[in-house]
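Structure below is protein_28.csv: CSV, C-alpha atoms and all ligand atoms.
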```
chain,number,residue,atom,x,y,z
A,52,MET,CA,-9.2,29.0,-18.8
A,53,LEU,CA,-5.4,28.5,-18.7
A,54,ASN,CA,-2.9,31.4,-18.9
A,55,ARG,CA,0.4,31.1,-20.7
A,56,ASP,CA,2.9,28.9,-18.7
A,57,GLU,CA,0.2,27.8,-16.3
A,58,LYS,CA,-0.1,24.0,-15.7
A,59,VAL,CA,-3.3,22.0,-16.2
A,60,LYS,CA,-5.1,22.1,-12.8
A,61,ILE,CA,-6.1,18.5,-11.9
A,62,ALA,CA,-8.7,17.4,-9.3
A,63,VAL,CA,-8.4,13.8,-8.3
A,64,LEU,CA,-11.6,12.1,-7.0
A,65,ILE,CA,-11.2,9.2,-4.7
A,66,SER,CA,-13.1,7.0,-2.3
A,67,GLY,CA,-10.5,4.8,-0.6
A,68,THR,CA,-6.9,3.8,-0.2
A,69,GLY,CA,-5.7,6.1,-2.9
A,70,THR,CA,-2.8,4.0,-4.3
A,71,ASN,CA,-3.6,5.4,-7.8
A,72,LEU,CA,-3.6,8.9,-6.3
A,73,GLN,CA,-0.2,8.2,-4.9
A,74,ALA,CA,1.1,7.1,-8.3
A,75,LEU,CA,-0.1,10.4,-9.7
A,76,ILE,CA,1.5,12.4,-6.9
A,77,ASP,CA,4.8,10.6,-7.5
A,78,ALA,CA,4.6,11.2,-11.2
A,79,VAL,CA,4.0,15.0,-10.7
A,80,GLU,CA,6.8,15.2,-8.2
A,81,ASN,CA,9.4,13.2,-10.3
A,82,GLY,CA,8.5,15.2,-13.4
A,83,SER,CA,6.9,12.4,-15.5
A,84,ILE,CA,3.7,14.6,-15.6
A,85,LYS,CA,5.2,17.8,-16.9
A,86,ASN,CA,2.2,19.9,-17.8
A,87,GLY,CA,-0.2,19.1,-14.9
A,88,LYS,CA,-0.4,19.8,-11.2
A,89,ILE,CA,-2.7,18.2,-8.6
A,90,SER,CA,-4.6,21.2,-7.2
A,91,LEU,CA,-7.3,19.3,-5.2
A,92,VAL,CA,-8.2,15.9,-3.9
A,93,ILE,CA,-11.9,15.2,-3.2
A,94,SER,CA,-13.2,12.2,-1.4
A,95,SER,CA,-16.7,10.8,-1.1
A,96,ASN,CA,-15.6,9.0,2.0
A,97,LYS,CA,-14.3,10.9,5.0
A,98,ASP,CA,-12.1,8.0,6.2
A,99,ALA,CA,-10.4,7.5,2.9
A,100,TYR,CA,-6.6,7.0,3.4
A,101,GLY,CA,-6.1,8.9,0.2
A,102,LEU,CA,-6.9,12.2,2.0
A,103,LYS,CA,-3.9,11.6,4.3
A,104,ARG,CA,-1.7,10.9,1.3
A,105,ALA,CA,-2.7,14.3,-0.2
A,106,SER,CA,-2.1,16.1,3.2
A,107,LYS,CA,1.4,14.5,3.4
A,108,HIS,CA,2.2,16.1,0.1
A,109,GLY,CA,0.7,19.5,0.9
A,110,ILE,CA,-2.2,19.0,-1.5
A,111,GLU,CA,-5.5,20.6,-0.6
A,112,ASN,CA,-8.0,17.9,0.1
A,113,ILE,CA,-11.7,17.9,1.0
A,114,PHE,CA,-14.5,15.4,1.9
A,115,ILE,CA,-17.9,15.9,0.3
A,116,PRO,CA,-20.5,13.8,2.0
A,117,SER,CA,-22.6,11.5,-0.1
A,118,GLU,CA,-25.4,9.7,1.7
A,119,LYS,CA,-26.8,6.6,0.1
A,120,ASN,CA,-30.4,7.8,0.2
A,121,ASP,CA,-29.4,11.4,-0.5
A,122,ARG,CA,-30.2,12.9,-3.9
A,123,VAL,CA,-27.1,12.6,-6.1
A,124,ASP,CA,-27.6,16.3,-6.9
A,125,ASN,CA,-26.4,17.4,-3.4
A,126,PHE,CA,-23.0,15.8,-3.9
A,127,GLU,CA,-22.7,17.0,-7.4
A,128,LYS,CA,-23.8,20.5,-6.5
A,129,SER,CA,-21.0,20.8,-4.0
A,130,LEU,CA,-18.5,19.1,-6.3
A,131,THR,CA,-19.3,21.6,-9.1
A,132,LYS,CA,-18.9,24.5,-6.7
A,133,GLU,CA,-15.5,23.3,-5.5
A,134,LEU,CA,-14.2,22.6,-9.0
A,135,ARG,CA,-15.3,26.0,-10.3
A,136,GLU,CA,-13.9,27.9,-7.4
A,137,ARG,CA,-10.4,26.5,-8.2
A,138,LYS,CA,-10.8,26.6,-12.0
A,139,ILE,CA,-10.1,22.9,-12.4
A,140,ASP,CA,-9.2,21.9,-15.9
A,141,LEU,CA,-9.1,18.1,-15.6
A,142,ILE,CA,-10.9,15.6,-13.3
A,143,VAL,CA,-9.3,12.2,-12.6
A,144,LEU,CA,-11.4,9.5,-11.1
A,145,ALA,CA,-8.9,7.3,-9.2
A,146,GLY,CA,-10.8,4.7,-7.3
A,147,PHE,CA,-13.9,6.9,-7.1
A,148,MET,CA,-16.9,4.7,-6.3
A,149,LYS,CA,-19.8,6.9,-7.4
A,150,ILE,CA,-21.3,7.1,-10.8
A,151,LEU,CA,-21.5,10.7,-11.9
A,152,SER,CA,-24.8,11.8,-13.5
A,153,GLU,CA,-25.2,12.5,-17.2
A,154,ASP,CA,-25.8,16.2,-16.5
A,155,PHE,CA,-22.5,16.5,-14.6
A,156,VAL,CA,-20.5,14.5,-17.2
A,157,LYS,CA,-21.8,16.6,-20.1
A,158,LYS,CA,-20.3,19.7,-18.5
A,159,TYR,CA,-16.8,18.3,-18.9
A,160,PRO,CA,-16.4,16.7,-22.3
A,161,ASN,CA,-13.0,14.9,-22.6
A,162,ARG,CA,-12.1,16.5,-19.3
A,163,ILE,CA,-12.9,13.6,-17.0
A,164,ILE,CA,-10.8,10.4,-17.0
A,165,ASN,CA,-11.3,7.2,-15.1
A,166,ILE,CA,-9.2,4.1,-14.3
A,167,HIS,CA,-10.9,0.7,-14.4
A,168,PRO,CA,-9.3,-2.5,-13.2
A,169,SER,CA,-10.1,-4.7,-16.3
A,170,LEU,CA,-9.8,-4.7,-20.0
A,171,ILE,CA,-13.0,-2.8,-21.0
A,172,PRO,CA,-15.4,-4.0,-22.4
A,173,SER,CA,-15.0,-7.0,-20.1
A,174,PHE,CA,-16.2,-6.8,-16.5
A,175,CYS,CA,-17.2,-3.2,-16.4
A,176,GLY,CA,-20.3,-1.0,-16.1
A,177,LYS,CA,-22.7,-0.5,-13.1
A,178,GLY,CA,-21.8,-2.8,-10.2
A,179,ALA,CA,-18.3,-3.6,-11.5
A,180,TYR,CA,-15.9,-1.8,-9.2
A,181,GLY,CA,-12.9,-2.5,-6.9
A,182,ILE,CA,-12.4,-6.1,-5.8
A,183,HIS,CA,-15.7,-7.2,-7.5
A,184,VAL,CA,-14.1,-6.7,-10.9
A,185,HIS,CA,-11.4,-9.3,-10.1
A,186,GLU,CA,-14.0,-11.7,-8.6
A,187,MET,CA,-15.9,-11.4,-12.0
A,188,ALA,CA,-12.7,-12.1,-14.0
A,189,LEU,CA,-11.8,-15.2,-11.9
A,190,ASP,CA,-15.4,-16.5,-11.9
A,191,TYR,CA,-15.5,-16.3,-15.7
A,192,GLY,CA,-12.1,-18.0,-16.0
A,193,VAL,CA,-10.4,-15.6,-18.3
A,194,LYS,CA,-6.6,-16.0,-18.5
A,195,VAL,CA,-5.8,-12.4,-19.1
A,196,THR,CA,-7.2,-9.3,-17.5
A,197,GLY,CA,-5.7,-5.8,-17.1
A,198,ALA,CA,-6.6,-2.1,-16.6
A,199,THR,CA,-8.1,0.6,-18.8
A,200,VAL,CA,-7.9,4.4,-18.6
A,201,HIS,CA,-10.8,6.1,-20.5
A,202,PHE,CA,-12.6,9.3,-20.9
A,203,VAL,CA,-15.9,9.4,-18.9
A,204,ASN,CA,-19.1,9.9,-20.7
A,205,GLU,CA,-22.8,9.3,-19.8
A,206,ILE,CA,-22.4,5.5,-20.1
A,207,PRO,CA,-20.6,3.9,-17.1
A,208,ASP,CA,-17.2,2.8,-18.3
A,209,GLY,CA,-18.3,3.5,-21.9
A,210,GLY,CA,-16.2,6.5,-22.9
A,211,LYS,CA,-13.3,6.6,-25.4
A,212,ILE,CA,-10.3,4.4,-24.3
A,213,ILE,CA,-7.0,6.2,-23.8
A,214,LEU,CA,-4.7,3.4,-22.7
A,215,GLN,CA,-5.0,-0.3,-21.8
A,216,LYS,CA,-2.5,-2.9,-20.4
A,217,ALA,CA,-3.0,-6.6,-20.1
A,218,VAL,CA,-2.0,-8.6,-17.0
A,219,GLU,CA,-1.7,-12.4,-16.8
A,220,ILE,CA,-4.0,-14.4,-14.5
A,221,LYS,CA,-2.3,-17.2,-12.6
A,222,GLU,CA,-3.7,-20.6,-11.5
A,223,LYS,CA,-3.8,-19.9,-7.8
A,224,ASP,CA,-5.0,-16.3,-7.9
A,225,THR,CA,-7.5,-15.0,-5.4
A,226,PRO,CA,-9.3,-11.7,-6.1
A,227,GLU,CA,-6.9,-9.9,-3.7
A,228,ILE,CA,-3.8,-11.3,-5.2
A,229,LEU,CA,-5.0,-10.5,-8.7
A,230,GLN,CA,-6.0,-7.0,-7.6
A,231,LYS,CA,-2.5,-6.3,-6.4
A,232,ARG,CA,-0.9,-7.6,-9.6
A,233,VAL,CA,-3.2,-5.5,-11.8
A,234,MET,CA,-2.3,-2.4,-9.7
A,235,ARG,CA,1.4,-3.1,-9.7
A,236,GLU,CA,1.8,-4.2,-13.4
A,237,ALA,CA,-0.8,-1.9,-15.0
A,238,GLU,CA,-2.7,0.7,-13.0
A,239,TRP,CA,0.1,2.6,-11.3
A,240,THR,CA,2.0,3.2,-14.6
A,241,LEU,CA,-1.0,3.5,-16.9
A,242,LEU,CA,-2.9,6.2,-15.0
A,243,PRO,CA,0.1,8.7,-14.7
A,244,LYS,CA,0.9,8.0,-18.4
A,245,ALA,CA,-2.6,8.7,-19.5
A,246,VAL,CA,-2.9,11.8,-17.4
A,247,SER,CA,0.4,13.1,-18.8
A,248,MET,CA,-0.8,12.5,-22.3
A,249,VAL,CA,-4.1,14.4,-21.7
A,250,CYS,CA,-2.4,17.3,-19.9
A,251,ASP,CA,0.0,17.6,-22.9
A,252,LYS,CA,-2.9,17.7,-25.3
A,253,ILE,CA,-4.7,20.3,-23.2
A,254,MET,CA,-1.5,22.5,-23.2
A,255,GLU,CA,-1.1,22.0,-27.0
A,256,GLU,CA,-4.7,23.2,-27.6
A,257,LYS,CA,-4.1,26.1,-25.3
A,258,ASN,CA,-1.0,27.2,-27.1
A,259,GLU,CA,-2.7,26.9,-30.5
A,260,SER,CA,-5.5,29.1,-29.4
A,261,LEU,CA,-3.2,31.9,-28.1
B,301,LIG,C1,-8.4,0.5,-8.3
B,301,LIG,O1,-8.2,-0.8,-8.6
B,301,LIG,C2,-9.3,1.2,-9.4
B,301,LIG,O2,-8.9,0.7,-10.6
B,301,LIG,C3,-10.6,0.7,-9.0
B,301,LIG,O3,-10.6,0.8,-7.6
B,301,LIG,C4,-9.3,0.6,-7.0
B,301,LIG,C5,-9.0,1.8,-6.2
B,301,LIG,O4,-7.7,1.6,-5.5
B,301,LIG,N1,-11.7,1.5,-9.6
B,301,LIG,C6,-12.8,1.0,-10.0
B,301,LIG,O5,-13.2,-0.1,-9.8
B,301,LIG,C7,-13.8,2.0,-10.6
B,301,LIG,N2,-14.8,1.4,-11.3
B,301,LIG,P1,-6.9,2.9,-4.9
B,301,LIG,O6,-7.9,3.6,-4.0
B,301,LIG,O7,-5.8,2.2,-4.1
B,301,LIG,O8,-6.4,3.7,-6.1
```

Now, as a test, write the supplied structure out as structure tokens.
Amino acid sequence: MLNRDEKVKIAVLISGTGTNLQALIDAVENGSIKNGKISLVISSNKDAYGLKRASKHGIENIFIPSEKNDRVDNFEKSLTKELRERKIDLIVLAGFMKILSEDFVKKYPNRIINIHPSLIPSFCGKGAYGIHVHEMALDYGVKVTGATVHFVNEIPDGGKIILQKAVEIKEKDTPEILQKRVMREAEWTLLPKAVSMVCDKIMEEKNESL
């Protein structure tokens, strides 16, 4: 798929604010991600602020509608078409709030990665997303939480772990305060680092096969 000297083409899938997308954009621009470039940003939500972040940095961005009662296939059909047209090599789920089907995920083995705001296997799986993950951690009373970057397989949050980082929980934390600390102390460094590692690996494999 890749020619010599060509960077790994990344598509970032988002649904909201896109602070993790921003961390990736910054890492590509400052050279911490050497072997990858963000070719496309796709949002399942047309008002996602992440789309504006992409535009500001001249990155192509599109919205693919996904109605609650719609068949998942319609979203994934369009998604597959857009990814194929641009010959995307790596898909990064950065605050993407849909679960991709088994059929879709099987088409991209070790080529989809996700960031989750807890230390998997705690507080993860179906229904554990965004602020709810931090509510679950506080309700349980754990003293340490964190973030995990992992490959995506057919089990929600069940794929091979790439990187994890622990974050301390403090006495007076609210879900919102904790969410911010996990992003600041873990997510925004962990995701670019993992993406960089995976891009390096893809390039290495490419060079070996030349
Ligand atoms: C992040 O905390 C991310 O880890 C989480 O949603 C937030 C998105 O923020 N993802 C999940 O919960 C996925 N299960 P962002 O839009 O500012 O990057």

Using only C-alpha atoms and all ligand atoms, which of the listed residues (A:Thr199, A:Asn258, A:Thr225, A:Ser106) sits closest to ligand LIG 301 (chain B)? A:Thr199

Site check for ligand LIG 301 (chain B): residues at most 9 Å away, all atoms listed in the file, as a PyMOL selection string: chain A and resi 65-74+99-101+144-150+165-169+175-184+198-200+207-208+230-231+233-234+238-239

For the atom pair CA of Asp77 (chain A) and CA of Ile93 (chain A), what is the interatomic distance in Å to one decimal place?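 One can read the CA of Asp77 (chain A) to CA of Ile93 (chain A) distance as 17.8 Å.
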
Can you work out the spacing between CA of Met187 (chain A) and CA of Arg235 (chain A) in Å, to one decimal?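 So the two atoms, CA of Met187 (chain A) and CA of Arg235 (chain A), lie 19.3 Å apart.
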
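The space separating CA of His201 (chain A) from CA of Gly109 (chain A) comes to 27.7 Å.
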
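Residue nearest Tyr159 (chain A) within the list A:Glu236, A:Glu205, A:Glu118, A:Glu219: A:Glu205 [criterion: smallest interatomic distance, only C-alpha atoms].
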
For region 81-89 of chain A: contacts at 7 Å, all atoms listed in the file, fewer than 3 positions along chain excluded, given as a PDB file with C-alpha atoms, in the frame of the given file:
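Final output, out19.pdb:
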```pdb
ATOM      1  CA  LYS A  58      -0.100  24.000 -15.700  1.00  0.00           C
ATOM      2  CA  VAL A  59      -3.300  22.000 -16.200  1.00  0.00           C
ATOM      3  CA  LYS A  60      -5.100  22.100 -12.800  1.00  0.00           C
ATOM      4  CA  ILE A  61      -6.100  18.500 -11.900  1.00  0.00           C
ATOM      5  CA  ALA A  62      -8.700  17.400  -9.300  1.00  0.00           C
ATOM      6  CA  ASP A  77       4.800  10.600  -7.500  1.00  0.00           C
ATOM      7  CA  ALA A  78       4.600  11.200 -11.200  1.00  0.00           C
ATOM      8  CA  PRO A 243       0.100   8.700 -14.700  1.00  0.00           C
ATOM      9  CA  SER A 247       0.400  13.100 -18.800  1.00  0.00           C
ATOM     10  CA  CYS A 250      -2.400  17.300 -19.900  1.00  0.00           C
ATOM     11  CA  ASP A 251       0.000  17.600 -22.900  1.00  0.00           C
TER      12      ASP A 251
END
```

Go through A:Thr196, A:Ser129, A:Asn112, A:Asn204 and flag the residue nearest Leu151 (chain A), using all atoms listed in the file for the distances.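 Closest candidate: A:Asn204.
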
Incomplete region 85-96 of chain A brought to all heavy atoms, written out as a compact mmCIF listing (two decimals), in the coordinates of the input:
```
# COMPACT_ATOMS: atom_id res chain seq x y z
N LYS A 85 4.53 16.50 -16.78
CA LYS A 85 5.20 17.80 -16.90
C LYS A 85 4.20 18.97 -16.88
O LYS A 85 4.47 20.03 -16.33
CB LYS A 85 5.99 17.90 -18.17
CG LYS A 85 7.26 17.09 -18.15
CD LYS A 85 8.10 17.38 -19.39
CE LYS A 85 9.26 16.43 -19.49
NZ LYS A 85 8.85 15.02 -19.68
N ASN A 86 3.07 18.74 -17.53
CA ASN A 86 2.20 19.90 -17.80
C ASN A 86 0.97 19.92 -16.84
O ASN A 86 0.03 20.66 -17.09
CB ASN A 86 1.66 19.81 -19.24
CG ASN A 86 2.76 20.24 -20.18
OD1 ASN A 86 3.48 21.20 -19.91
ND2 ASN A 86 2.90 19.53 -21.29
N GLY A 87 0.99 19.11 -15.79
CA GLY A 87 -0.20 19.10 -14.90
C GLY A 87 0.27 19.23 -13.43
O GLY A 87 1.39 18.88 -13.07
N LYS A 88 -0.65 19.78 -12.61
CA LYS A 88 -0.40 19.80 -11.20
C LYS A 88 -1.69 19.37 -10.45
O LYS A 88 -2.80 19.70 -10.92
CB LYS A 88 0.10 21.12 -10.69
CG LYS A 88 -0.89 22.24 -10.77
CD LYS A 88 -0.40 23.42 -9.93
CE LYS A 88 -1.52 24.45 -9.82
NZ LYS A 88 -1.19 25.62 -9.10
N ILE A 89 -1.54 18.64 -9.34
CA ILE A 89 -2.70 18.20 -8.60
C ILE A 89 -3.12 19.37 -7.67
O ILE A 89 -2.40 19.67 -6.71
CB ILE A 89 -2.51 16.92 -7.83
CG1 ILE A 89 -2.03 15.81 -8.78
CG2 ILE A 89 -3.78 16.49 -7.11
CD1 ILE A 89 -1.63 14.51 -8.12
N SER A 90 -4.23 20.04 -7.98
CA SER A 90 -4.60 21.20 -7.20
C SER A 90 -5.56 20.82 -6.06
O SER A 90 -5.68 21.54 -5.08
CB SER A 90 -5.40 22.20 -8.08
OG SER A 90 -4.59 22.62 -9.14
N LEU A 91 -6.25 19.69 -6.21
CA LEU A 91 -7.30 19.30 -5.20
C LEU A 91 -7.55 17.84 -5.24
O LEU A 91 -7.56 17.22 -6.31
CB LEU A 91 -8.57 20.10 -5.60
CG LEU A 91 -9.80 19.89 -4.74
CD1 LEU A 91 -9.58 20.43 -3.32
CD2 LEU A 91 -11.01 20.59 -5.37
N VAL A 92 -7.74 17.28 -4.03
CA VAL A 92 -8.20 15.90 -3.90
C VAL A 92 -9.55 15.92 -3.22
O VAL A 92 -9.71 16.59 -2.20
CB VAL A 92 -7.19 15.02 -3.14
CG1 VAL A 92 -7.77 13.65 -2.83
CG2 VAL A 92 -5.89 14.87 -3.93
N ILE A 93 -10.54 15.23 -3.81
CA ILE A 93 -11.90 15.20 -3.20
C ILE A 93 -12.24 13.75 -2.94
O ILE A 93 -12.08 12.88 -3.80
CB ILE A 93 -12.91 15.81 -4.20
CG1 ILE A 93 -12.60 17.29 -4.45
CG2 ILE A 93 -14.33 15.65 -3.65
CD1 ILE A 93 -13.53 17.96 -5.46
N SER A 94 -12.75 13.51 -1.74
CA SER A 94 -13.20 12.20 -1.40
C SER A 94 -14.64 12.12 -1.07
O SER A 94 -15.18 13.04 -0.45
CB SER A 94 -12.35 11.65 -0.19
OG SER A 94 -12.85 10.39 0.21
N SER A 95 -15.28 11.02 -1.46
CA SER A 95 -16.70 10.80 -1.10
C SER A 95 -16.80 10.05 0.20
O SER A 95 -17.88 9.73 0.65
CB SER A 95 -17.39 10.04 -2.24
OG SER A 95 -16.73 8.79 -2.42
N ASN A 96 -15.62 9.75 0.80
CA ASN A 96 -15.60 9.00 2.00
C ASN A 96 -14.63 9.67 3.00
O ASN A 96 -13.46 9.89 2.67
CB ASN A 96 -15.10 7.55 1.65
CG ASN A 96 -14.59 6.73 2.82
OD1 ASN A 96 -14.84 7.06 3.99
ND2 ASN A 96 -13.87 5.68 2.51
```
